[in-house]
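Peer 1: I'd like to ask you about the structure that follows.
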Amino acid sequence: MARFCIVDVFAEVKYAGNPLAVVLDGADIPSEQMQRIALEMNYSETTFITGAGERDGGWDVRIFTPATEIPFAGHPTLGTAAVIRRELLGRPAERIVLHLGVGDVPVSFDAADPSDANGVQARMVAPVPQLGPTHPPERVARVLGLDPAEIDARFPVQEVSIGIAITLVPLRSLDAVKRALYRTEVVRSLEQADFARLLFFFCAETEHPENQIHARMFAPLDGVPEDPATGSANACLAAYLVTHGYFGPGPLEARVEQGYEMGRPSLLHIAGREEGGAIRVEVGGRVIPVARGELL
């Protein structure tokens, strides 16, 4: 029987953040069964550690949403590395590398004991985000049920990708972020509406003054009506903020609050800077253990 763990990622307290199921003994599970398990878990992603141990300096991991396998996602990367540290290594390793579909992704940790029930702070260096096309604000506003004037015209509505393209939408106010909704009927009526598959919208007005960004993520076409904390989207956000000088020129360090509208408040730490002609981004947060079990 394969063991699994459940953790909360980007959570300051248990039962907040983004939940993740990690299957520790996934080497002999067929891909079709992995997909069925991910659907049964019904989280935004489920991960499977597919090797018997460390290989070539890292761990083989596959990531599944309830609908499909994906090459990379943020909270599964951080959560899986924390589970490896706690359950398989049992020691306060400072760095763990995951072999993912997009390549090797390193995750670093603070010095906390991995058995600490309060969790551990983890941070990853994300794959280099690629900035994509921009979109007319009016089309995105229609999908979100907002007035186009509520989109911050100083910055573009733009796709950014780390394996999967995410449309970043800068809004002017916290009120607009909270009122936004995903209008499926509008998406169906639009031609070339691929931009609406994954919508990440944000503003610089926050619930808590120590934070810099309030954000939400809609992905109903992928089976996730709203995501409480999105590491990959926040990595894209870090690159976007640096590229467009959202907080001014130079390196970025910011705290992003997400998931408040779902009752699962999350906190993500993002960083970004120009390096060698590209944008180097990091995403971090706390990973808290919730439960252990076995697959029957």
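In the structure tokens, the first chain shown is A, the next is B, and so on; residue numbers restart at 1 for each chain, and ligands run from 1 in the order shown.
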If you run DSSP on the backbone here, which positions in stretch 164-262 of chain A get helix (DSSP H, G or I)? Please write them as an NGL selection string.
Peer 2: :A and (174-179 or 184-189 or 194-196 or 220-222 or 231-243 or 260-262)
Peer 1: Considering only C-alpha atoms, state which residue in the set A:Gly79, A:Gly245, A:Pro71, A:Pro137 is at the smallest distance from A:Gly119.
Peer 2: A:Gly79
Peer 1: Per residue of stretch 101-186 of chain A within 10 Å of stretch 255-261 of chain A, what are the shortest atom pair and its distance in Å to one decimal, counting only C-alpha atoms, with rows by chain and residue number, as CSV?
Peer 2:
```
residue,atom,partner,partner_atom,distance
A:Val177,CA,A:Glu261,CA,9.7
A:Lys178,CA,A:Glu261,CA,7.1
A:Arg179,CA,A:Glu261,CA,9.8
```
Peer 1: Taking 2 positions as the minimum chain separation for residues in the same chain, which residues sit within 9 Å of A:Val105 when counting only C-alpha atoms? Answer as an mmCIF file with N, CA and C atoms, in the first residue's frame.
Peer 2:
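Done, and the output landed in out.cif:
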```cif
data_model
loop_
_atom_site.group_PDB
_atom_site.id
_atom_site.type_symbol
_atom_site.label_atom_id
_atom_site.label_comp_id
_atom_site.auth_asym_id
_atom_site.auth_seq_id
_atom_site.Cartn_x
_atom_site.Cartn_y
_atom_site.Cartn_z
ATOM 1 N N GLY A 58 18.601 14.603 -6.978
ATOM 2 C CA GLY A 58 17.236 15.084 -6.785
ATOM 3 C C GLY A 58 16.237 13.945 -6.710
ATOM 4 N N THR A 77 5.307 21.840 -5.700
ATOM 5 C CA THR A 77 6.761 21.756 -5.617
ATOM 6 C C THR A 77 7.235 21.987 -4.184
ATOM 7 N N ILE A 96 16.588 20.805 -1.258
ATOM 8 C CA ILE A 96 16.140 19.586 -1.931
ATOM 9 C C ILE A 96 15.798 19.951 -3.373
ATOM 10 N N VAL A 97 16.220 19.115 -4.318
ATOM 11 C CA VAL A 97 15.955 19.350 -5.738
ATOM 12 C C VAL A 97 14.908 18.353 -6.215
ATOM 13 N N LEU A 98 13.906 18.839 -6.932
ATOM 14 C CA LEU A 98 12.897 17.980 -7.539
ATOM 15 C C LEU A 98 13.122 17.904 -9.037
ATOM 16 N N HIS A 99 13.094 16.669 -9.591
ATOM 17 C CA HIS A 99 13.113 16.475 -11.041
ATOM 18 C C HIS A 99 11.664 16.527 -11.533
ATOM 19 N N LEU A 100 11.292 17.617 -12.181
ATOM 20 C CA LEU A 100 9.927 17.831 -12.652
ATOM 21 C C LEU A 100 9.883 17.854 -14.174
ATOM 22 N N VAL A 102 9.366 20.290 -16.092
ATOM 23 C CA VAL A 102 10.034 21.461 -16.661
ATOM 24 C C VAL A 102 11.542 21.424 -16.435
ATOM 25 N N GLY A 103 12.027 20.425 -15.706
ATOM 26 C CA GLY A 103 13.448 20.355 -15.372
ATOM 27 C C GLY A 103 13.643 20.300 -13.872
ATOM 28 N N VAL A 107 14.540 23.621 -4.004
ATOM 29 C CA VAL A 107 13.744 24.185 -2.918
ATOM 30 C C VAL A 107 14.638 24.298 -1.694
ATOM 31 N N MET A 124 11.435 28.372 -3.335
ATOM 32 C CA MET A 124 11.949 27.745 -4.552
ATOM 33 C C MET A 124 12.406 28.799 -5.545
ATOM 34 N N VAL A 125 13.409 28.443 -6.337
ATOM 35 C CA VAL A 125 13.779 29.217 -7.510
ATOM 36 C C VAL A 125 12.958 28.658 -8.663
ATOM 37 N N ALA A 126 12.051 29.458 -9.176
ATOM 38 C CA ALA A 126 11.133 28.983 -10.208
ATOM 39 C C ALA A 126 11.801 28.972 -11.572
ATOM 40 N N PRO A 127 11.304 28.154 -12.497
ATOM 41 C CA PRO A 127 11.761 28.268 -13.890
ATOM 42 C C PRO A 127 11.583 29.694 -14.391
#
```
Peer 1: Residues within 9 Å of stretch 29-43 of chain A, please, as a list in words. Count only C-alpha atoms; anything in the same chain fewer than 5 positions from it doesn't count.
Peer 2: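 In the requested form, the answer reads Ala2, Asn18, Pro19, Leu20, Ala21, Phe48, Thr50, Phe64, Thr65, Pro66, Ala67, Thr68, Glu69 and Val224 of chain A.
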Peer 1: Which polymer residues have any atom within 10 Å of an atom of stretch 203-212 of chain A, counting only C-alpha atoms, with same-chain residues fewer than 3 positions away left out, as a CSV table (one decimal) with N, CA and C atoms, in the first residue's frame?
Peer 2:
```
chain,number,residue,atom,x,y,z
A,151,ILE,N,-9.7,48.2,-14.3
A,151,ILE,CA,-8.4,47.7,-14.6
A,151,ILE,C,-7.4,48.8,-14.7
A,152,ASP,N,-6.2,48.6,-14.0
A,152,ASP,CA,-5.2,49.6,-13.9
A,152,ASP,C,-4.5,49.8,-15.3
A,169,VAL,N,-3.8,40.3,-14.5
A,169,VAL,CA,-4.8,41.4,-14.7
A,169,VAL,C,-4.6,42.4,-13.5
A,170,PRO,N,-4.0,43.6,-13.7
A,170,PRO,CA,-3.8,44.5,-12.6
A,170,PRO,C,-5.1,45.3,-12.4
A,171,LEU,N,-5.6,45.3,-11.2
A,171,LEU,CA,-6.8,46.0,-10.9
A,171,LEU,C,-6.5,47.2,-10.0
A,172,ARG,N,-7.4,48.2,-9.9
A,172,ARG,CA,-7.1,49.4,-9.2
A,172,ARG,C,-7.4,49.4,-7.7
A,173,SER,N,-8.3,48.5,-7.3
A,173,SER,CA,-8.7,48.5,-5.9
A,173,SER,C,-9.0,47.1,-5.3
A,174,LEU,N,-8.9,47.0,-4.0
A,174,LEU,CA,-9.3,45.8,-3.3
A,174,LEU,C,-10.8,45.5,-3.6
A,175,ASP,N,-11.6,46.5,-3.6
A,175,ASP,CA,-13.0,46.3,-3.8
A,175,ASP,C,-13.3,45.6,-5.2
A,176,ALA,N,-12.5,46.0,-6.2
A,176,ALA,CA,-12.7,45.4,-7.5
A,176,ALA,C,-12.2,43.9,-7.5
A,177,VAL,N,-11.1,43.7,-6.8
A,177,VAL,CA,-10.6,42.3,-6.7
A,177,VAL,C,-11.7,41.4,-6.0
A,215,ALA,N,-4.4,39.2,-4.1
A,215,ALA,CA,-4.6,38.5,-5.4
A,215,ALA,C,-5.7,37.4,-5.3
A,216,ARG,N,-6.2,37.1,-6.4
A,216,ARG,CA,-7.1,36.0,-6.6
A,216,ARG,C,-6.8,35.3,-7.9
A,246,TYR,N,6.4,47.8,-11.4
A,246,TYR,CA,5.1,48.1,-10.7
A,246,TYR,C,5.4,48.8,-9.4
A,247,PHE,N,6.4,48.4,-8.6
A,247,PHE,CA,6.8,49.1,-7.4
A,247,PHE,C,8.1,50.0,-7.6
A,253,GLU,N,10.9,42.5,-3.6
A,253,GLU,CA,10.6,41.6,-2.5
A,253,GLU,C,9.2,42.0,-2.0
A,254,ALA,N,8.2,41.0,-2.0
A,254,ALA,CA,6.8,41.4,-1.7
A,254,ALA,C,6.2,40.2,-1.0
A,255,ARG,N,5.1,40.6,-0.3
A,255,ARG,CA,4.3,39.6,0.4
A,255,ARG,C,2.9,39.7,-0.3
A,256,VAL,N,2.4,38.5,-0.7
A,256,VAL,CA,1.1,38.4,-1.4
A,256,VAL,C,0.1,37.7,-0.6
A,257,GLU,N,-1.0,38.3,-0.3
A,257,GLU,CA,-2.1,37.6,0.3
A,257,GLU,C,-3.1,37.1,-0.7
A,258,GLN,N,-3.6,35.9,-0.5
A,258,GLN,CA,-4.5,35.2,-1.5
A,258,GLN,C,-5.4,34.3,-0.7
A,260,TYR,N,-8.4,34.8,0.7
A,260,TYR,CA,-9.2,35.4,1.7
A,260,TYR,C,-10.7,35.2,1.3
A,267,LEU,N,-0.4,33.2,2.5
A,267,LEU,CA,0.6,34.2,2.4
A,267,LEU,C,1.8,33.7,1.6
A,268,LEU,N,2.1,34.4,0.5
A,268,LEU,CA,3.2,34.0,-0.3
A,268,LEU,C,4.3,35.1,-0.3
A,269,HIS,N,5.5,34.7,-0.3
A,269,HIS,CA,6.7,35.6,-0.4
A,269,HIS,C,7.2,35.5,-1.8
```
Peer 1: Can you measure atom CA of A:Arg264 to atom CA of A:Asp8 for me? One decimal in Å is fine.
Peer 2: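 Result for atom CA of A:Arg264 versus atom CA of A:Asp8: 10.0 Å, one decimal.
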Peer 1: What separation in Å, quoted to one decimal, exists between atom CA of A:Arg3 and atom CA of A:Arg286?
Peer 2: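 Distance reported for this atom pair: 22.4 Å.
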Peer 1: Would you pick out the contacts of A:Ala112 at 12 Å or less, using only C-alpha atoms, so that residues sharing its chain but fewer than 2 positions from it are not included, and give the list as a PyMOL selection string?
Peer 2: chain A and resi 82+85-86+90-94+108-110+114-122+286-287
Peer 1: I'd like the neighbourhood of A:Cys236 as a compact mmCIF listing (two decimals) with N, CA and C atoms, in the first residue's frame, where a residue qualifies if any of its atoms comes within 8 Å (using only C-alpha atoms), though same-chain residues fewer than 2 positions away should be ignored.
Peer 2:
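Listed below is the output, around_27.txt:
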```
# COMPACT_ATOMS: atom_id res chain seq x y z
N PRO A 129 10.25 32.70 -16.05
CA PRO A 129 8.97 33.02 -16.69
C PRO A 129 9.18 33.65 -18.06
N VAL A 160 1.79 35.48 -18.91
CA VAL A 160 3.13 35.10 -18.50
C VAL A 160 3.09 33.60 -18.24
N SER A 161 4.16 32.90 -18.61
CA SER A 161 4.12 31.44 -18.56
C SER A 161 5.34 30.84 -17.87
N ILE A 162 5.06 29.83 -17.04
CA ILE A 162 6.10 28.89 -16.60
C ILE A 162 5.54 27.50 -16.93
N ILE A 166 -0.55 32.08 -17.91
CA ILE A 166 -1.47 32.66 -16.96
C ILE A 166 -1.66 34.13 -17.34
N SER A 232 2.87 29.08 -8.94
CA SER A 232 3.32 29.35 -10.30
C SER A 232 2.84 30.71 -10.78
N ALA A 233 1.58 31.06 -10.46
CA ALA A 233 1.06 32.37 -10.86
C ALA A 233 1.80 33.49 -10.16
N ASN A 234 2.16 33.28 -8.90
CA ASN A 234 2.90 34.31 -8.18
C ASN A 234 4.34 34.43 -8.68
N ALA A 238 5.82 37.88 -10.06
CA ALA A 238 7.10 38.50 -9.70
C ALA A 238 7.82 39.00 -10.95
N ALA A 239 7.84 38.18 -12.00
CA ALA A 239 8.49 38.60 -13.25
C ALA A 239 7.77 39.79 -13.86
N TYR A 240 6.45 39.78 -13.82
CA TYR A 240 5.63 40.87 -14.36
C TYR A 240 5.92 42.17 -13.61
```
Peer 1: Counting only C-alpha atoms, which of A:Ala16, A:Ala219, A:Leu295, A:Leu181 gets nearest to A:Arg197?
Peer 2: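 For A:Arg197, the nearest of the given residues is A:Ala219.
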Peer 1: Separation of atom CA of A:Leu168 and atom CA of A:Leu199, in Å?
Peer 2: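 Value for the atom CA of A:Leu168-atom CA of A:Leu199 distance: 6.3 Å.
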